[in-house]
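Undergrad: If it helps, the file is called model-v9.pdb and holds PDB, C-alpha atoms:
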ATOM      1  CA  MET A   1       0.000   0.000   0.000
ATOM      2  CA  LYS A   2       1.391   3.368  -0.998
ATOM      3  CA  PHE A   3       0.826   6.537   1.001
ATOM      4  CA  LEU A   4       1.286  10.159   0.097
ATOM      5  CA  THR A   5       4.710  11.567   0.924
ATOM      6  CA  LEU A   6       4.972  15.350   0.915
ATOM      7  CA  THR A   7       8.102  17.339   0.286
ATOM      8  CA  PRO A   8       8.621  20.268   2.711
ATOM      9  CA  SER A   9       7.845  22.888   0.040
ATOM     10  CA  PHE A  10       4.727  21.074  -1.151
ATOM     11  CA  ALA A  11       3.454  20.549   2.378
ATOM     12  CA  GLU A  12       3.386  24.315   2.931
ATOM     13  CA  HIS A  13       0.560  24.798   0.439
ATOM     14  CA  PRO A  14      -2.872  25.304   2.033
ATOM     15  CA  MET A  15      -5.446  22.559   1.879
ATOM     16  CA  VAL A  16      -9.135  22.663   1.009
ATOM     17  CA  LYS A  17     -11.901  20.478   2.397
ATOM     18  CA  ILE A  18     -14.221  18.546   0.095
ATOM     19  CA  ASP A  19     -17.331  16.808   1.431
ATOM     20  CA  VAL A  20     -19.264  14.322  -0.667
ATOM     21  CA  ALA A  21     -22.870  13.396  -0.105
ATOM     22  CA  ASP A  22     -22.443   9.838   1.193
ATOM     23  CA  SER A  23     -19.347  10.322   3.334
ATOM     24  CA  GLN A  24     -19.085  11.263   6.985
ATOM     25  CA  LYS A  25     -15.414  12.139   6.665
ATOM     26  CA  PRO A  26     -14.202  14.957   4.368
ATOM     27  CA  PHE A  27     -11.401  14.794   1.854
ATOM     28  CA  PHE A  28      -8.519  17.211   2.343
ATOM     29  CA  VAL A  29      -6.598  18.118  -0.816
ATOM     30  CA  HIS A  30      -3.888  20.665  -1.446
ATOM     31  CA  LYS A  31      -5.472  23.684  -3.089
ATOM     32  CA  LYS A  32      -2.737  24.075  -5.682
ATOM     33  CA  VAL A  33      -2.954  20.424  -6.721
ATOM     34  CA  ILE A  34      -6.688  20.397  -7.395
ATOM     35  CA  CYS A  35      -6.837  23.920  -8.848
ATOM     36  CA  ASP A  36      -4.070  23.098 -11.327
ATOM     37  CA  GLU A  37      -6.115  20.187 -12.675
ATOM     38  CA  SER A  38      -9.692  21.487 -12.618
ATOM     39  CA  THR A  39     -11.128  24.699 -14.033
ATOM     40  CA  PHE A  40     -14.182  24.337 -11.792
ATOM     41  CA  PHE A  41     -12.190  24.075  -8.569
ATOM     42  CA  TYR A  42      -9.787  26.793  -9.673
ATOM     43  CA  GLN A  43     -12.638  29.247 -10.196
ATOM     44  CA  TYR A  44     -14.411  28.159  -7.015
ATOM     45  CA  PHE A  45     -11.504  28.229  -4.579
ATOM     46  CA  ASN A  46     -10.050  31.409  -6.088
ATOM     47  CA  GLY A  47     -13.352  33.302  -6.195
ATOM     48  CA  PRO A  48     -14.021  36.610  -4.441
ATOM     49  CA  THR A  49     -14.574  34.999  -1.027
ATOM     50  CA  LYS A  50     -11.850  32.345  -1.487
ATOM     51  CA  PRO A  51     -13.761  29.583   0.323
ATOM     52  CA  GLY A  52     -11.809  26.760   1.907
ATOM     53  CA  SER A  53     -14.423  24.035   1.572
ATOM     54  CA  ILE A  54     -17.102  22.698  -0.760
ATOM     55  CA  VAL A  55     -19.856  20.067  -0.657
ATOM     56  CA  LEU A  56     -20.314  17.882  -3.751
ATOM     57  CA  HIS A  57     -23.810  16.491  -3.316
ATOM     58  CA  HIS A  58     -23.800  14.137  -6.313
ATOM     59  CA  VAL A  59     -20.277  12.701  -6.076
ATOM     60  CA  SER A  60     -19.675   9.274  -4.522
ATOM     61  CA  ILE A  61     -16.920   8.321  -2.122
ATOM     62  CA  GLU A  62     -15.484   5.956  -4.725
ATOM     63  CA  THR A  63     -15.257   8.664  -7.368
ATOM     64  CA  MET A  64     -13.657  11.197  -5.044
ATOM     65  CA  ARG A  65     -11.173   8.648  -3.714
ATOM     66  CA  THR A  66     -10.044   7.734  -7.209
ATOM     67  CA  TYR A  67      -9.765  11.358  -8.298
ATOM     68  CA  THR A  68      -7.822  12.310  -5.164
ATOM     69  CA  LEU A  69      -5.384   9.467  -5.708
ATOM     70  CA  TRP A  70      -4.991  10.462  -9.360
ATOM     71  CA  LEU A  71      -4.244  14.073  -8.405
ATOM     72  CA  TYR A  72      -1.162  12.971  -6.483
ATOM     73  CA  ASP A  73      -0.175   9.792  -8.306
ATOM     74  CA  LYS A  74      -1.005  10.514 -11.990
ATOM     75  CA  GLY A  75      -0.636   6.845 -12.780
ATOM     76  CA  GLY A  76      -3.103   4.578 -14.548
ATOM     77  CA  LEU A  77      -6.529   4.117 -13.009
ATOM     78  CA  PHE A  78      -6.172   0.350 -12.733
ATOM     79  CA  VAL A  79      -4.126  -1.402 -10.084
ATOM     80  CA  ASN A  80      -2.992  -4.065 -12.552
ATOM     81  CA  GLU A  81      -3.546  -4.119 -16.315
ATOM     82  CA  GLN A  82      -1.149  -6.908 -17.212
ATOM     83  CA  ILE A  83      -3.153 -10.136 -16.970
ATOM     84  CA  GLY A  84      -6.574  -8.999 -18.048
ATOM     85  CA  THR A  85      -8.992 -10.890 -15.827
ATOM     86  CA  ASP A  86     -11.879  -9.021 -14.270
ATOM     87  CA  ASP A  87     -10.246  -9.165 -10.851
ATOM     88  CA  ASP A  88      -7.036  -7.612 -12.164
ATOM     89  CA  PHE A  89      -8.940  -4.562 -13.364
ATOM     90  CA  GLU A  90      -9.450  -3.166  -9.902
ATOM     91  CA  ILE A  91      -9.815   0.604 -10.010
ATOM     92  CA  LYS A  92      -7.601   2.498  -7.603
ATOM     93  CA  GLU A  93      -9.701   3.847  -4.775
ATOM     94  CA  GLU A  94      -7.997   2.546  -1.656
ATOM     95  CA  LEU A  95      -6.332   5.782  -0.611
ATOM     96  CA  GLN A  96      -8.191   8.704   0.831
ATOM     97  CA  PHE A  97      -5.843  11.486   1.881
ATOM     98  CA  ASP A  98      -6.799  13.455   4.948
ATOM     99  CA  ARG A  99      -4.823  16.313   6.480
ATOM    100  CA  TYR A 100      -2.041  13.951   7.559
ATOM    101  CA  GLY A 101      -1.969  11.687   4.509
ATOM    102  CA  GLU A 102      -3.531   8.803   6.416
ATOM    103  CA  LYS A 103      -5.683   6.086   4.919
ATOM    104  CA  ALA A 104      -9.388   6.325   5.769
ATOM    105  CA  ASP A 105     -11.266   3.032   6.081
ATOM    106  CA  GLU A 106     -14.771   4.119   5.235
ATOM    107  CA  LYS A 107     -17.513   2.262   3.386
ATOM    108  CA  PRO A 108     -20.207   3.882   1.228
ATOM    109  CA  ALA A 109     -23.329   4.799   3.162
ATOM    110  CA  LYS A 110     -25.601   4.001   0.235
ATOM    111  CA  ARG A 111     -25.689   1.646  -2.711
ATOM    112  CA  LEU A 112     -24.549   2.839  -6.102
ATOM    113  CA  TRP A 113     -26.376   2.359  -9.399
ATOM    114  CA  TRP A 114     -23.816  -0.146 -10.709
ATOM    115  CA  ALA A 115     -23.576  -2.215  -7.506
ATOM    116  CA  ASP A 116     -25.731  -5.124  -8.738
ATOM    117  CA  LEU A 117     -24.091  -5.465 -12.163
ATOM    118  CA  ASP A 118     -21.575  -8.200 -12.997
ATOM    119  CA  ARG A 119     -17.880  -7.603 -12.341
ATOM    120  CA  ALA A 120     -17.023  -6.267 -15.808
ATOM    121  CA  ASN A 121     -19.969  -3.881 -15.879
ATOM    122  CA  ARG A 122     -19.190  -2.620 -12.399
ATOM    123  CA  VAL A 123     -15.864  -1.515 -13.873
ATOM    124  CA  PHE A 124     -17.692   0.183 -16.753
ATOM    125  CA  GLY A 125     -20.059   1.815 -14.270
ATOM    126  CA  ARG A 126     -17.188   3.126 -12.172
ATOM    127  CA  LEU A 127     -15.446   4.485 -15.266
ATOM    128  CA  LEU A 128     -18.640   6.179 -16.434
ATOM    129  CA  ASP A 129     -18.965   7.941 -13.068
ATOM    130  CA  LEU A 130     -15.331   9.052 -13.311
ATOM    131  CA  TYR A 131     -15.805  10.295 -16.869
ATOM    132  CA  ASN A 132     -18.878  12.327 -15.953
ATOM    133  CA  PHE A 133     -17.049  13.771 -12.935
ATOM    134  CA  SER A 134     -14.053  14.759 -15.053
ATOM    135  CA  THR A 135     -16.116  16.536 -17.686
ATOM    136  CA  PHE A 136     -18.464  18.286 -15.240
ATOM    137  CA  TYR A 137     -15.634  19.596 -13.060
ATOM    138  CA  GLY A 138     -13.383  20.499 -15.973
ATOM    139  CA  SER A 139     -10.428  18.156 -15.487
ATOM    140  CA  PRO A 140      -9.314  17.370 -19.070
ATOM    141  CA  ASP A 141      -6.186  15.394 -18.186
ATOM    142  CA  PHE A 142      -8.267  13.164 -15.923
ATOM    143  CA  THR A 143     -10.802  12.756 -18.741
ATOM    144  CA  LYS A 144      -8.009  11.501 -21.016
ATOM    145  CA  ASP A 145      -6.852   8.965 -18.433
ATOM    146  CA  VAL A 146     -10.414   7.731 -17.860
ATOM    147  CA  MET A 147     -10.890   7.314 -21.621
ATOM    148  CA  LYS A 148      -7.600   5.447 -21.834
ATOM    149  CA  ALA A 149      -8.684   3.145 -18.992
ATOM    150  CA  TRP A 150     -12.036   2.524 -20.714
ATOM    151  CA  GLN A 151     -10.276   1.620 -23.967
ATOM    152  CA  VAL A 152      -7.749  -0.634 -22.224
ATOM    153  CA  PHE A 153     -10.525  -2.505 -20.459
ATOM    154  CA  THR A 154     -12.638  -2.810 -23.620
ATOM    155  CA  THR A 155      -9.872  -4.036 -25.900
ATOM    156  CA  THR A 156      -8.093  -6.287 -23.395
ATOM    157  CA  ARG A 157     -11.203  -7.925 -22.021
ATOM    158  CA  LYS A 158     -13.077  -7.773 -25.348
ATOM    159  CA  SER A 159     -16.058  -6.663 -23.282
ATOM    160  CA  TYR A 160     -18.757  -4.140 -24.086
ATOM    161  CA  PRO A 161     -20.928  -2.416 -21.495
ATOM    162  CA  CYS A 162     -24.408  -3.767 -20.866
ATOM    163  CA  ALA A 163     -27.627  -1.919 -21.652
ATOM    164  CA  THR A 164     -27.824  -0.496 -18.115
ATOM    165  CA  VAL A 165     -24.467   1.267 -18.518
ATOM    166  CA  ILE A 166     -25.239   2.427 -22.067
ATOM    167  CA  ARG A 167     -28.621   3.860 -21.081
ATOM    168  CA  ARG A 168     -27.079   5.777 -18.205
ATOM    169  CA  ALA A 169     -24.272   7.061 -20.417
ATOM    170  CA  ILE A 170     -26.715   8.303 -23.030
ATOM    171  CA  THR A 171     -28.831  10.176 -20.493
ATOM    172  CA  GLU A 172     -25.771  11.890 -18.983
ATOM    173  CA  MET A 173     -23.953  13.062 -22.118
ATOM    174  CA  ASP A 174     -24.717  14.357 -25.610
ATOM    175  CA  ASN A 175     -23.753  12.576 -28.816
ATOM    176  CA  SER A 176     -20.729  14.814 -29.341
ATOM    177  CA  ALA A 177     -18.980  13.553 -26.184
ATOM    178  CA  PRO A 178     -15.811  11.496 -26.843
ATOM    179  CA  LEU A 179     -17.047   8.594 -24.714
ATOM    180  CA  TYR A 180     -20.377   8.484 -26.579
ATOM    181  CA  LYS A 181     -18.511   8.322 -29.903
ATOM    182  CA  TYR A 182     -16.290   5.577 -28.534
ATOM    183  CA  LEU A 183     -19.320   3.547 -27.439
ATOM    184  CA  ILE A 184     -20.701   3.848 -30.960
ATOM    185  CA  LEU A 185     -17.384   2.658 -32.374
ATOM    186  CA  CYS A 186     -17.354  -0.330 -30.031
ATOM    187  CA  PHE A 187     -20.752  -1.497 -31.215
ATOM    188  CA  VAL A 188     -19.869  -0.901 -34.863
ATOM    189  CA  ASN A 189     -16.749  -3.041 -34.502
ATOM    190  CA  TYR A 190     -18.808  -5.670 -32.675
ATOM    191  CA  ASP A 191     -20.801  -6.030 -35.896
ATOM    192  CA  ILE A 192     -24.296  -4.911 -34.984
ATOM    193  CA  TYR A 193     -25.950  -7.007 -37.692
ATOM    194  CA  HIS A 194     -24.929 -10.250 -35.978
ATOM    195  CA  ILE A 195     -26.229  -9.382 -32.514
ATOM    196  CA  PRO A 196     -29.471 -11.293 -31.705
ATOM    197  CA  CYS A 197     -32.455  -8.929 -31.602
ATOM    198  CA  ASP A 198     -33.581 -10.442 -28.311
ATOM    199  CA  GLY A 199     -30.252  -9.742 -26.611
ATOM    200  CA  GLU A 200     -28.716  -6.648 -25.047
ATOM    201  CA  LEU A 201     -29.128  -4.720 -28.280
ATOM    202  CA  SER A 202     -32.910  -4.737 -27.993
ATOM    203  CA  LYS A 203     -32.667  -3.012 -24.597
ATOM    204  CA  LEU A 204     -30.772  -0.003 -25.911
ATOM    205  CA  PRO A 205     -32.422   3.350 -26.728
ATOM    206  CA  ALA A 206     -33.511   3.807 -30.335
ATOM    207  CA  SER A 207     -31.447   6.984 -30.745
ATOM    208  CA  PHE A 208     -28.263   5.139 -29.837
ATOM    209  CA  LEU A 209     -29.056   2.258 -32.174
ATOM    210  CA  ALA A 210     -29.737   4.729 -34.987
ATOM    211  CA  ASP A 211     -26.294   6.278 -34.488
ATOM    212  CA  VAL A 212     -24.732   2.805 -34.489
ATOM    213  CA  LEU A 213     -26.526   1.878 -37.732
ATOM    214  CA  VAL A 214     -25.491   5.100 -39.454
ATOM    215  CA  SER A 215     -21.887   4.615 -38.382
ATOM    216  CA  SER A 216     -22.019   0.994 -39.535
ATOM    217  CA  MET A 217     -23.244   2.070 -42.973
ATOM    218  CA  TYR A 218     -20.496   4.682 -43.287
ATOM    219  CA  LYS A 219     -17.942   2.068 -42.282
ATOM    220  CA  GLY A 220     -19.316  -0.298 -44.910
ATOM    221  CA  MET A 221     -19.194   2.350 -47.614
ATOM    222  CA  ALA A 222     -15.642   3.301 -46.631
ATOM    223  CA  GLY A 223     -14.582  -0.314 -46.700
TER     224      GLY A 223
END
Show how you would write the structure in this file as structure tokens.
TA:
Amino acid sequence: MKFLTLTPSFAEHPMVKIDVADSQKPFFVHKKVICDESTFFYQYFNGPTKPGSIVLHHVSIETMRTYTLWLYDKGGLFVNEQIGTDDDFEIKEELQFDRYGEKADEKPAKRLWWADLDRANRVFGRLLDLYNFSTFYGSPDFTKDVMKAWQVFTTTRKSYPCATVIRRAITEMDNSAPLYKYLILCFVNYDIYHIPCDGELSKLPASFLADVLVSSMYKGMAG
């Protein structure tokens, strides 16, 4: 287990407190670290009143843990990407940094929307939450790493998200979002015409299927 080690100069920077809706213990993050990576937090914490805390009502503990770890670590989002089994694709969320860099052993106070999905789709669900967080709070470098993690998981596991994940993704982003376009590409490469109509495909929204069909036709014409 790796813990945050601060250099003397870095430790002198002030910290800000971030509360999330389902946590009883706040996250403490260095102001410079989070403001350098997020336009939202930069504008908020450097506003006229310069607040030192914020409450994120719609952010889960898991999402905030992963983002906090990424802010300091900047490594991949997966603990191990080498073997490629579902268990190896465990998303980093074990560290929660408080004022002293200590690990907080806290469990979510409420169930999450992806909790009852199978192992692979729980990974997709987690990544979707991270993607939506990164785009809403204006953290483009984190968005890129989440997209990379999504692509690594998709191509290595040869897995595609289930209808539950797709439906949630479609309701939370427009069709110009990079992740939406990537989902379309995944289904096009999966060869939509050979998916049984009574399978997962039939559970997807018509607008998404229409985009997949159009993209499939363009791919066919280009080929």
Undergrad: Determine the nearest neighbour of Asp118 in chain A from the options A:Ser215, A:Ile170, A:Ile61, A:Thr164, counting all atoms listed in the file.
TA: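 For Asp118 in chain A, the nearest of the candidates is A:Thr164.
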Undergrad: What's the separation between CA of Val16 in chain A and CA of Thr63 in chain A, in Å to one decimal place?
TA: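 So the two atoms, CA of Val16 in chain A and CA of Thr63 in chain A, lie 17.4 Å apart.
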Undergrad: Rank A:Leu69, A:Leu185, A:Ala169, A:Ile54 by their smallest atom-to-atom distance to Ile18 in chain A, using only C-alpha atoms, and report the top residue only.
TA: A:Ile54
Undergrad: Excluding same-chain residues fewer than 3 positions from Asp36 in chain A, what lies within 12 Å of it counting all atoms listed in the file, as a list in words?
TA: Val29, His30, Lys31, Lys32, Val33, Thr39, Phe40, Phe41, Tyr42, Gln43, Phe45, Asn46, Leu71, Tyr72, Gly138, Ser139, Pro140, Asp141 and Phe142 of chain A
Undergrad: Compare A:Asn175, A:Val20, A:Asp145, A:Met64 by their minimum atom-to-atom distance to Phe133 in chain A, counting all atoms listed in the file, and give me the closest one.
TA: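 The shortest atom-to-atom distance to Phe133 in chain A comes from A:Met64.
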Undergrad: Could you list the residues chosen by the PyMOL selection byres ((chain A and resi 168) around 12) in this structure as a list in words?
TA: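 Against this file, the PyMOL selection byres ((chain A and resi 168) around 12) returns the residues Trp113, Trp114, Phe124, Gly125, Arg126, Leu128, Asp129, Asn132, Pro161, Cys162, Ala163, Thr164, Val165, Ile166, Arg167, Ala169, Ile170, Thr171, Glu172, Met173, Asp174, Tyr180, Leu204, Pro205 and Phe208 of chain A.
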Undergrad: Rank nothing, just name the residue among A:Phe153, A:Tyr137, A:Tyr182, A:Phe187 nearest to Tyr44 in chain A, using all atoms listed in the file.
TA: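 Checking each of A:Phe153, A:Tyr137, A:Tyr182, A:Phe187 against Tyr44 in chain A, counting all atoms listed in the file, the winner is A:Tyr137.
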Undergrad: From the set A:Ser176, A:Lys50, A:Glu62, A:Asp73, which residue has the shortest atom-to-atom contact distance to Ala115 in chain A, counting only C-alpha atoms?
TA: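 Comparing A:Ser176, A:Lys50, A:Glu62, A:Asp73 against Ala115 in chain A, the winner is A:Glu62.
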Undergrad: Could you work out an axis-aligned bounding box for all listed atoms of range 121-137 of chain A, with 8 Å added on each of the six sides, and give its centre and edge lengths in Å to one decimal, as JSON?
TA:
{"center_x": -17.1, "center_y": 7.9, "center_z": -14.9, "size_x": 22.0, "size_y": 39.5, "size_z": 21.5}
Undergrad: Where does the PyMOL selection byres ((chain A and resi 146) around 9) land in this file, that is, which residues does it pick, as number ranges by chain?
TA: A: 76-77, 127-128, 130-131, 134, 141-145, 147-151
